[in-house]
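> Input upload-v7.tsv, format and content: TSV, N, CA and C atoms.
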```tsv
chain	number	residue	atom	x	y	z
F	1	MET	N	-36.96	-90.88	50.63
F	1	MET	CA	-37.13	-90.11	51.83
F	1	MET	C	-36.00	-90.36	52.83
F	2	ASN	N	-35.50	-91.55	52.87
F	2	ASN	CA	-34.40	-91.87	53.77
F	2	ASN	C	-33.12	-91.13	53.38
F	3	ILE	N	-32.93	-90.92	52.11
F	3	ILE	CA	-31.73	-90.23	51.64
F	3	ILE	C	-31.73	-88.78	52.07
F	4	THR	N	-32.84	-88.12	52.02
F	4	THR	CA	-32.90	-86.71	52.42
F	4	THR	C	-32.67	-86.56	53.91
F	5	LEU	N	-33.18	-87.45	54.73
F	5	LEU	CA	-32.94	-87.37	56.18
F	5	LEU	C	-31.47	-87.63	56.50
F	6	LEU	N	-30.86	-88.57	55.80
F	6	LEU	CA	-29.45	-88.88	56.01
F	6	LEU	C	-28.58	-87.70	55.61
F	7	ASN	N	-28.85	-87.06	54.49
F	7	ASN	CA	-28.10	-85.89	54.06
F	7	ASN	C	-28.28	-84.73	55.02
F	8	LEU	N	-29.47	-84.54	55.52
F	8	LEU	CA	-29.73	-83.47	56.48
F	8	LEU	C	-28.95	-83.72	57.76
F	9	PHE	N	-28.93	-84.98	58.23
F	9	PHE	CA	-28.20	-85.32	59.45
F	9	PHE	C	-26.70	-85.11	59.25
F	10	ASN	N	-26.15	-85.51	58.11
F	10	ASN	CA	-24.73	-85.36	57.84
F	10	ASN	C	-24.32	-83.90	57.73
F	11	SER	N	-25.15	-83.09	57.09
F	11	SER	CA	-24.80	-81.68	56.96
F	11	SER	C	-24.87	-80.98	58.32
F	12	GLU	N	-25.82	-81.35	59.16
F	12	GLU	CA	-25.92	-80.76	60.51
F	12	GLU	C	-24.72	-81.18	61.35
F	13	LEU	N	-24.31	-82.41	61.23
F	13	LEU	CA	-23.14	-82.90	61.95
F	13	LEU	C	-21.88	-82.19	61.46
F	14	ALA	N	-21.76	-82.00	60.17
F	14	ALA	CA	-20.59	-81.31	59.61
F	14	ALA	C	-20.51	-79.87	60.09
F	15	VAL	N	-21.64	-79.19	60.17
F	15	VAL	CA	-21.65	-77.81	60.66
F	15	VAL	C	-21.25	-77.77	62.13
F	16	ASN	N	-21.76	-78.71	62.92
F	16	ASN	CA	-21.41	-78.75	64.35
F	16	ASN	C	-19.91	-79.02	64.56
F	17	VAL	N	-19.38	-79.96	63.79
F	17	VAL	CA	-17.96	-80.29	63.92
F	17	VAL	C	-17.10	-79.09	63.50
F	18	THR	N	-17.48	-78.43	62.44
F	18	THR	CA	-16.72	-77.26	61.97
F	18	THR	C	-16.75	-76.14	63.00
F	19	LEU	N	-17.92	-75.85	63.53
F	19	LEU	CA	-18.02	-74.78	64.54
F	19	LEU	C	-17.23	-75.12	65.81
F	20	CYS	N	-17.29	-76.37	66.23
F	20	CYS	CA	-16.49	-76.78	67.40
F	20	CYS	C	-15.00	-76.63	67.13
F	21	GLY	N	-14.58	-76.98	65.93
F	21	GLY	CA	-13.17	-76.83	65.57
F	21	GLY	C	-12.73	-75.38	65.60
F	22	PHE	N	-13.56	-74.47	65.03
F	22	PHE	CA	-13.22	-73.05	65.07
F	22	PHE	C	-13.14	-72.53	66.50
F	23	VAL	N	-14.09	-72.92	67.33
F	23	VAL	CA	-14.09	-72.45	68.72
F	23	VAL	C	-12.85	-72.94	69.46
F	24	ILE	N	-12.51	-74.19	69.28
F	24	ILE	CA	-11.34	-74.75	69.98
F	24	ILE	C	-10.05	-74.09	69.50
F	25	VAL	N	-9.89	-73.95	68.19
F	25	VAL	CA	-8.65	-73.38	67.65
F	25	VAL	C	-8.49	-71.93	68.09
F	26	PHE	N	-9.53	-71.12	67.95
F	26	PHE	CA	-9.38	-69.71	68.31
F	26	PHE	C	-9.26	-69.50	69.82
F	27	SER	N	-9.92	-70.32	70.61
F	27	SER	CA	-9.76	-70.19	72.06
F	27	SER	C	-8.33	-70.54	72.48
F	28	MET	N	-7.73	-71.55	71.86
F	28	MET	CA	-6.35	-71.89	72.19
F	28	MET	C	-5.38	-70.82	71.70
F	29	LEU	N	-5.66	-70.21	70.55
F	29	LEU	CA	-4.81	-69.12	70.08
F	29	LEU	C	-4.86	-67.94	71.05
F	30	ILE	N	-6.02	-67.61	71.52
F	30	ILE	CA	-6.15	-66.51	72.50
F	30	ILE	C	-5.41	-66.88	73.79
F	31	PHE	N	-5.55	-68.12	74.23
F	31	PHE	CA	-4.86	-68.56	75.43
F	31	PHE	C	-3.34	-68.47	75.27
F	32	LEU	N	-2.82	-68.90	74.12
F	32	LEU	CA	-1.37	-68.82	73.87
F	32	LEU	C	-0.88	-67.38	73.83
F	33	VAL	N	-1.64	-66.48	73.22
F	33	VAL	CA	-1.26	-65.07	73.19
F	33	VAL	C	-1.19	-64.51	74.61
F	34	LEU	N	-2.15	-64.85	75.44
F	34	LEU	CA	-2.13	-64.37	76.82
F	34	LEU	C	-0.94	-64.93	77.60
F	35	VAL	N	-0.66	-66.21	77.43
F	35	VAL	CA	0.48	-66.83	78.13
F	35	VAL	C	1.79	-66.19	77.70
F	36	ILE	N	1.97	-65.97	76.42
F	36	ILE	CA	3.21	-65.39	75.93
F	36	ILE	C	3.36	-63.94	76.39
F	37	SER	N	2.27	-63.17	76.39
F	37	SER	CA	2.37	-61.78	76.84
F	37	SER	C	2.68	-61.70	78.34
F	38	VAL	N	2.08	-62.58	79.15
F	38	VAL	CA	2.38	-62.59	80.58
F	38	VAL	C	3.83	-63.00	80.81
F	39	PHE	N	4.30	-64.00	80.07
F	39	PHE	CA	5.69	-64.43	80.19
F	39	PHE	C	6.65	-63.30	79.82
F	40	GLY	N	6.33	-62.55	78.76
F	40	GLY	CA	7.17	-61.42	78.36
F	40	GLY	C	7.23	-60.35	79.44
F	41	LYS	N	6.09	-60.05	80.07
F	41	LYS	CA	6.08	-59.04	81.13
F	41	LYS	C	6.89	-59.50	82.33
F	42	ILE	N	6.81	-60.78	82.65
F	42	ILE	CA	7.60	-61.31	83.77
F	42	ILE	C	9.08	-61.20	83.47
F	43	MET	N	9.49	-61.51	82.25
F	43	MET	CA	10.91	-61.42	81.88
F	43	MET	C	11.40	-59.97	81.93
F	44	VAL	N	10.57	-59.02	81.51
F	44	VAL	CA	10.96	-57.61	81.58
F	44	VAL	C	11.16	-57.19	83.02
F	45	LEU	N	10.27	-57.61	83.92
F	45	LEU	CA	10.42	-57.28	85.33
F	45	LEU	C	11.70	-57.86	85.92
F	46	ILE	N	12.02	-59.09	85.55
F	46	ILE	CA	13.24	-59.72	86.06
F	46	ILE	C	14.48	-58.99	85.53
F	47	GLN	N	14.48	-58.62	84.25
F	47	GLN	CA	15.62	-57.90	83.69
F	47	GLN	C	15.78	-56.52	84.32
F	48	ASN	N	14.68	-55.83	84.56
F	48	ASN	CA	14.77	-54.52	85.21
F	48	ASN	C	15.32	-54.64	86.63
F	49	LYS	N	14.93	-55.70	87.32
F	49	LYS	CA	15.43	-55.93	88.68
F	49	LYS	C	16.94	-56.16	88.67
F	50	LYS	N	17.42	-56.97	87.71
F	50	LYS	CA	18.86	-57.23	87.61
F	50	LYS	C	19.61	-55.97	87.21
F	51	LEU	N	19.02	-55.16	86.31
F	51	LEU	CA	19.67	-53.93	85.87
F	51	LEU	C	19.79	-52.94	87.02
F	52	LYS	N	18.76	-52.85	87.86
F	52	LYS	CA	18.83	-51.95	89.02
F	52	LYS	C	19.92	-52.41	89.99
F	53	LYS	N	20.03	-53.73	90.19
F	53	LYS	CA	21.09	-54.24	91.07
F	53	LYS	C	22.46	-53.90	90.50
F	54	ALA	N	22.63	-54.07	89.20
F	54	ALA	CA	23.92	-53.79	88.57
F	54	ALA	C	24.23	-52.30	88.64
F	55	THR	N	23.24	-51.46	88.44
F	55	THR	CA	23.45	-50.02	88.50
F	55	THR	C	23.81	-49.59	89.91
F	56	ASN	N	23.12	-50.13	90.90
F	56	ASN	CA	23.42	-49.79	92.29
F	56	ASN	C	24.81	-50.27	92.69
F	57	ALA	N	25.21	-51.44	92.24
F	57	ALA	CA	26.54	-51.95	92.55
F	57	ALA	C	27.60	-51.11	91.86
F	58	ASP	N	27.32	-50.67	90.64
F	58	ASP	CA	28.27	-49.86	89.90
F	58	ASP	C	28.43	-48.49	90.54
F	59	MET	N	27.38	-47.91	91.00
F	59	MET	CA	27.45	-46.59	91.61
F	59	MET	C	28.27	-46.62	92.91
F	60	GLY	N	28.22	-47.75	93.61
F	60	GLY	CA	28.97	-47.84	94.85
F	60	GLY	C	30.45	-48.05	94.62
F	61	ASN	N	30.83	-48.70	93.52
F	61	ASN	CA	32.23	-49.04	93.28
F	61	ASN	C	33.01	-47.97	92.55
F	62	ASN	N	32.41	-47.31	91.60
F	62	ASN	CA	33.13	-46.38	90.74
F	62	ASN	C	32.65	-44.96	90.94
F	63	MET	N	33.56	-44.06	90.73
F	63	MET	CA	33.18	-42.65	90.76
F	63	MET	C	32.48	-42.34	89.44
F	64	PRO	N	31.35	-41.64	89.46
F	64	PRO	CA	30.66	-41.33	88.21
F	64	PRO	C	31.44	-40.30	87.40
F	65	LEU	N	31.37	-40.45	86.08
F	65	LEU	CA	32.02	-39.48	85.20
F	65	LEU	C	31.20	-38.20	85.19
F	66	LYS	N	31.89	-37.08	85.14
F	66	LYS	CA	31.20	-35.80	85.06
F	66	LYS	C	31.20	-35.33	83.62
F	67	ALA	N	30.08	-34.82	83.20
F	67	ALA	CA	29.98	-34.29	81.84
F	67	ALA	C	30.80	-33.02	81.75
F	68	LYS	N	31.27	-32.73	80.55
F	68	LYS	CA	32.03	-31.51	80.35
F	68	LYS	C	31.16	-30.31	80.65
F	69	GLU	N	31.73	-29.36	81.35
F	69	GLU	CA	30.96	-28.16	81.68
F	69	GLU	C	31.15	-27.13	80.58
F	70	ASN	N	30.05	-26.77	79.97
F	70	ASN	CA	30.06	-25.73	78.97
F	70	ASN	C	28.70	-25.03	78.99
F	71	ASN	N	28.50	-24.13	78.09
F	71	ASN	CA	27.26	-23.36	78.09
F	71	ASN	C	26.17	-24.03	77.26
F	72	ALA	N	26.09	-25.34	77.26
F	72	ALA	CA	25.08	-26.08	76.49
F	72	ALA	C	23.75	-26.05	77.24
F	73	ASP	N	22.71	-26.43	76.52
F	73	ASP	CA	21.39	-26.51	77.14
F	73	ASP	C	21.38	-27.57	78.22
F	74	THR	N	20.45	-27.45	79.16
F	74	THR	CA	20.34	-28.47	80.21
F	74	THR	C	19.89	-29.79	79.62
F	75	ALA	N	19.16	-29.78	78.52
F	75	ALA	CA	18.73	-31.02	77.88
F	75	ALA	C	19.93	-31.81	77.39
F	76	ASN	N	20.93	-31.13	76.83
F	76	ASN	CA	22.15	-31.80	76.38
F	76	ASN	C	22.90	-32.40	77.55
F	77	GLU	N	22.99	-31.69	78.65
F	77	GLU	CA	23.69	-32.20	79.82
F	77	GLU	C	22.99	-33.42	80.39
F	78	ILE	N	21.67	-33.38	80.41
F	78	ILE	CA	20.93	-34.53	80.91
F	78	ILE	C	21.14	-35.72	79.98
F	79	THR	N	21.13	-35.50	78.70
F	79	THR	CA	21.35	-36.58	77.74
F	79	THR	C	22.73	-37.18	77.91
F	80	GLU	N	23.76	-36.36	78.11
F	80	GLU	CA	25.11	-36.88	78.32
F	80	GLU	C	25.18	-37.68	79.61
F	81	GLU	N	24.54	-37.19	80.66
F	81	GLU	CA	24.56	-37.92	81.93
F	81	GLU	C	23.83	-39.25	81.81
F	82	GLU	N	22.70	-39.24	81.08
F	82	GLU	CA	21.98	-40.49	80.89
F	82	GLU	C	22.79	-41.47	80.04
F	83	THR	N	23.51	-40.95	79.08
F	83	THR	CA	24.36	-41.81	78.24
F	83	THR	C	25.46	-42.43	79.08
F	84	VAL	N	26.09	-41.62	79.92
F	84	VAL	CA	27.15	-42.13	80.79
F	84	VAL	C	26.58	-43.17	81.75
F	85	ALA	N	25.39	-42.92	82.29
F	85	ALA	CA	24.78	-43.87	83.21
F	85	ALA	C	24.45	-45.19	82.51
F	86	ALA	N	23.95	-45.10	81.28
F	86	ALA	CA	23.62	-46.32	80.53
F	86	ALA	C	24.86	-47.13	80.20
F	87	ILE	N	25.91	-46.46	79.79
F	87	ILE	CA	27.16	-47.16	79.47
F	87	ILE	C	27.77	-47.77	80.73
F	88	SER	N	27.73	-47.03	81.84
F	88	SER	CA	28.25	-47.56	83.11
F	88	SER	C	27.47	-48.79	83.55
F	89	ALA	N	26.15	-48.74	83.39
F	89	ALA	CA	25.33	-49.90	83.77
F	89	ALA	C	25.63	-51.10	82.88
F	90	ALA	N	25.84	-50.86	81.59
F	90	ALA	CA	26.15	-51.96	80.67
F	90	ALA	C	27.49	-52.59	81.02
F	91	VAL	N	28.48	-51.76	81.32
F	91	VAL	CA	29.81	-52.28	81.68
F	91	VAL	C	29.72	-53.05	83.00
F	92	ALA	N	28.97	-52.52	83.96
F	92	ALA	CA	28.82	-53.22	85.25
F	92	ALA	C	28.12	-54.57	85.05
F	93	TYR	N	27.15	-54.62	84.16
F	93	TYR	CA	26.44	-55.87	83.89
F	93	TYR	C	27.37	-56.90	83.25
F	94	ILE	N	28.23	-56.45	82.36
F	94	ILE	CA	29.16	-57.37	81.70
F	94	ILE	C	30.14	-57.96	82.71
F	95	TYR	N	30.61	-57.14	83.64
F	95	TYR	CA	31.61	-57.58	84.61
F	95	TYR	C	31.00	-58.03	85.93
F	96	LYS	N	29.70	-58.33	85.99
F	96	LYS	CA	29.05	-58.65	87.25
F	96	LYS	C	29.58	-59.91	87.92
F	97	ASP	N	29.96	-60.91	87.14
F	97	ASP	CA	30.46	-62.17	87.72
F	97	ASP	C	31.97	-62.24	87.76
F	98	SER	N	32.63	-61.19	87.33
F	98	SER	CA	34.09	-61.18	87.25
F	98	SER	C	34.68	-60.62	88.53
F	99	SER	N	35.92	-60.99	88.79
F	99	SER	CA	36.61	-60.45	89.96
F	99	SER	C	37.27	-59.11	89.63
F	100	VAL	N	37.25	-58.71	88.35
F	100	VAL	CA	37.84	-57.46	87.91
F	100	VAL	C	36.85	-56.32	88.13
F	101	THR	N	37.33	-55.21	88.67
F	101	THR	CA	36.49	-54.03	88.84
F	101	THR	C	36.81	-53.06	87.71
F	102	PRO	N	35.86	-52.84	86.80
F	102	PRO	CA	36.14	-51.97	85.66
F	102	PRO	C	36.15	-50.50	86.06
F	103	LYS	N	36.98	-49.73	85.42
F	103	LYS	CA	37.02	-48.29	85.62
F	103	LYS	C	36.92	-47.63	84.25
F	104	ILE	N	35.93	-46.79	84.07
F	104	ILE	CA	35.73	-46.11	82.80
F	104	ILE	C	36.52	-44.82	82.82
F	105	LYS	N	37.44	-44.68	81.86
F	105	LYS	CA	38.27	-43.48	81.81
F	105	LYS	C	37.67	-42.40	80.94
F	106	SER	N	37.11	-42.78	79.79
F	106	SER	CA	36.51	-41.80	78.90
F	106	SER	C	35.48	-42.48	78.02
F	107	ILE	N	34.59	-41.66	77.49
F	107	ILE	CA	33.56	-42.15	76.57
F	107	ILE	C	33.58	-41.25	75.35
F	108	ARG	N	33.71	-41.88	74.17
F	108	ARG	CA	33.69	-41.09	72.93
F	108	ARG	C	32.96	-41.89	71.87
F	109	PRO	N	32.43	-41.23	70.86
F	109	PRO	CA	31.64	-41.94	69.85
F	109	PRO	C	32.49	-42.85	68.99
F	110	PHE	N	31.89	-43.89	68.47
F	110	PHE	CA	32.55	-44.87	67.62
F	110	PHE	C	32.08	-44.68	66.19
F	111	ASN	N	32.99	-44.45	65.27
F	111	ASN	CA	32.63	-44.16	63.89
F	111	ASN	C	32.97	-45.29	62.93
F	112	GLY	N	33.00	-46.48	63.35
F	112	GLY	CA	33.31	-47.59	62.45
F	112	GLY	C	34.53	-48.34	62.93
F	113	ASN	N	35.68	-48.09	62.33
F	113	ASN	CA	36.90	-48.75	62.76
F	113	ASN	C	37.83	-47.74	63.45
F	114	LYS	N	39.02	-48.17	63.80
F	114	LYS	CA	39.94	-47.30	64.53
F	114	LYS	C	40.36	-46.08	63.73
F	115	ASN	N	40.37	-46.20	62.41
F	115	ASN	CA	40.76	-45.08	61.57
F	115	ASN	C	39.63	-44.10	61.31
F	116	GLY	N	38.44	-44.38	61.83
F	116	GLY	CA	37.30	-43.49	61.65
F	116	GLY	C	36.49	-43.78	60.42
F	117	GLY	N	36.84	-44.80	59.65
F	117	GLY	CA	36.10	-45.13	58.44
F	117	GLY	C	34.97	-46.09	58.73
F	118	ASN	N	34.28	-46.47	57.69
F	118	ASN	CA	33.16	-47.38	57.83
F	118	ASN	C	33.66	-48.81	57.61
F	119	THR	N	33.15	-49.78	58.37
F	119	THR	CA	33.61	-51.15	58.28
F	119	THR	C	32.88	-51.95	57.22
F	120	ARG	N	31.83	-51.41	56.60
F	120	ARG	CA	31.08	-52.15	55.59
F	120	ARG	C	31.82	-52.13	54.25
F	121	SER	N	31.70	-53.24	53.55
F	121	SER	CA	32.31	-53.31	52.22
F	121	SER	C	31.46	-52.55	51.21
F	122	ALA	N	31.99	-52.37	50.02
F	122	ALA	CA	31.26	-51.67	48.98
F	122	ALA	C	29.99	-52.42	48.61
F	123	TRP	N	30.03	-53.76	48.62
F	123	TRP	CA	28.85	-54.55	48.29
F	123	TRP	C	27.78	-54.37	49.36
F	124	ALA	N	28.18	-54.34	50.63
F	124	ALA	CA	27.21	-54.14	51.71
F	124	ALA	C	26.57	-52.76	51.63
F	125	LYS	N	27.38	-51.75	51.33
F	125	LYS	CA	26.83	-50.39	51.19
F	125	LYS	C	25.84	-50.33	50.04
F	126	ALA	N	26.16	-50.97	48.91
F	126	ALA	CA	25.27	-50.97	47.75
F	126	ALA	C	23.96	-51.70	48.07
F	127	GLY	N	24.06	-52.80	48.78
F	127	GLY	CA	22.85	-53.54	49.15
F	127	GLY	C	21.95	-52.75	50.09
F	128	ILE	N	22.55	-52.09	51.07
F	128	ILE	CA	21.77	-51.27	51.99
F	128	ILE	C	21.12	-50.11	51.25
F	129	GLU	N	21.88	-49.47	50.38
F	129	GLU	CA	21.34	-48.35	49.62
F	129	GLU	C	20.19	-48.81	48.72
F	130	ASN	N	20.34	-49.96	48.10
F	130	ASN	CA	19.29	-50.48	47.24
F	130	ASN	C	18.03	-50.82	48.02
F	131	ASN	N	18.17	-51.43	49.20
F	131	ASN	CA	17.01	-51.81	50.00
F	131	ASN	C	16.35	-50.63	50.67
F	132	MET	N	17.10	-49.58	50.98
F	132	MET	CA	16.55	-48.44	51.71
F	132	MET	C	16.06	-47.34	50.76
F	133	ARG	N	16.23	-47.50	49.48
F	133	ARG	CA	15.87	-46.47	48.52
F	133	ARG	C	14.40	-46.09	48.60
F	134	SER	N	13.53	-47.02	48.93
F	134	SER	CA	12.09	-46.73	48.98
F	134	SER	C	11.73	-45.88	50.19
F	135	PHE	N	12.61	-45.74	51.17
F	135	PHE	CA	12.29	-44.97	52.38
F	135	PHE	C	12.64	-43.50	52.27
F	136	TYR	N	13.35	-43.08	51.22
F	136	TYR	CA	13.62	-41.67	51.09
F	136	TYR	C	13.05	-41.10	49.87
```
Can you present the structure in this file as structure tokens?

Amino acid sequence: MNITLLNLFNSELAVNVTLCGFVIVFSMLIFLVLVISVFGKIMVLIQNKKLKKATNADMGNNMPLKAKENNADTANEITEEETVAAISAAVAYIYKDSSVTPKIKSIRPFNGNKNGGNTRSAWAKAGIENNMRSFY
């Protein structure tokens, strides 16, 4: 009779310890997820604040580039203006601590290297093609 009571007590203790362990582990995981997500949102706010400062400083120093005037849709013109604004903000951010004031003369697409070719080797192209084959 003593053996059955001892086994019953041990199994009840084991269940209690296991449940406490699950509760502690999952509560800490939830806490860590919340802390990391709040930290990420704070970092995004700080980066947006710095980007706005850089954009405002850039607009005051440089004349904005004008998009080419043609008979394109207004959506294309807005996209070109947004592209110019994004590139100007990136350049201003890079030169924010420098004494040099950058001036953007022109913006054109980059197709690989100076000759217009692709910079990847044949092995890199084959590897990319092999890995991406399942997506098409």
> Kindly give the distance, in Å, that separates atom N of Asn10 in chain F and atom N of Val23 in chain F, rounded to a single decimal.
19.7 Å
> Which value, in Å to one decimal, gives the distance between atom N of Phe31 in chain F and CA of Val17 in chain F?
20.2 Å
> Pick from F:Glu129, F:Asn48, F:Met43, F:Ala54: nearest to Val91 in chain F, with only N, CA and C atoms counted?
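Answer, going by the shortest atom-to-atom distance: F:Ala54.
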> Please report the interatomic distance between CA of Lys50 in chain F and CA of Ala85 in chain F in Å with one decimal.
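Computed distance, CA of Lys50 in chain F to CA of Ala85 in chain F, equals 15.3 Å.
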> Report the centre and edge lengths, in Å to one decimal, of an axis-aligned box enclosing every atom of range 21-30 of chain F listed in the file, padded by 4 Å on each side, as JSON.

```
{"center_x": -9.7, "center_y": -71.7, "center_z": 69.4, "size_x": 17.8, "size_y": 18.5, "size_z": 16.8}
```
> Return the single residue from F:Val44, F:Leu34, F:Val84, F:Met28 that is closest to Ser106 in chain F, with distances computed using only C-alpha atoms.
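Checking each of F:Val44, F:Leu34, F:Val84, F:Met28 against Ser106 in chain F, counting only C-alpha atoms, the winner is F:Val84.
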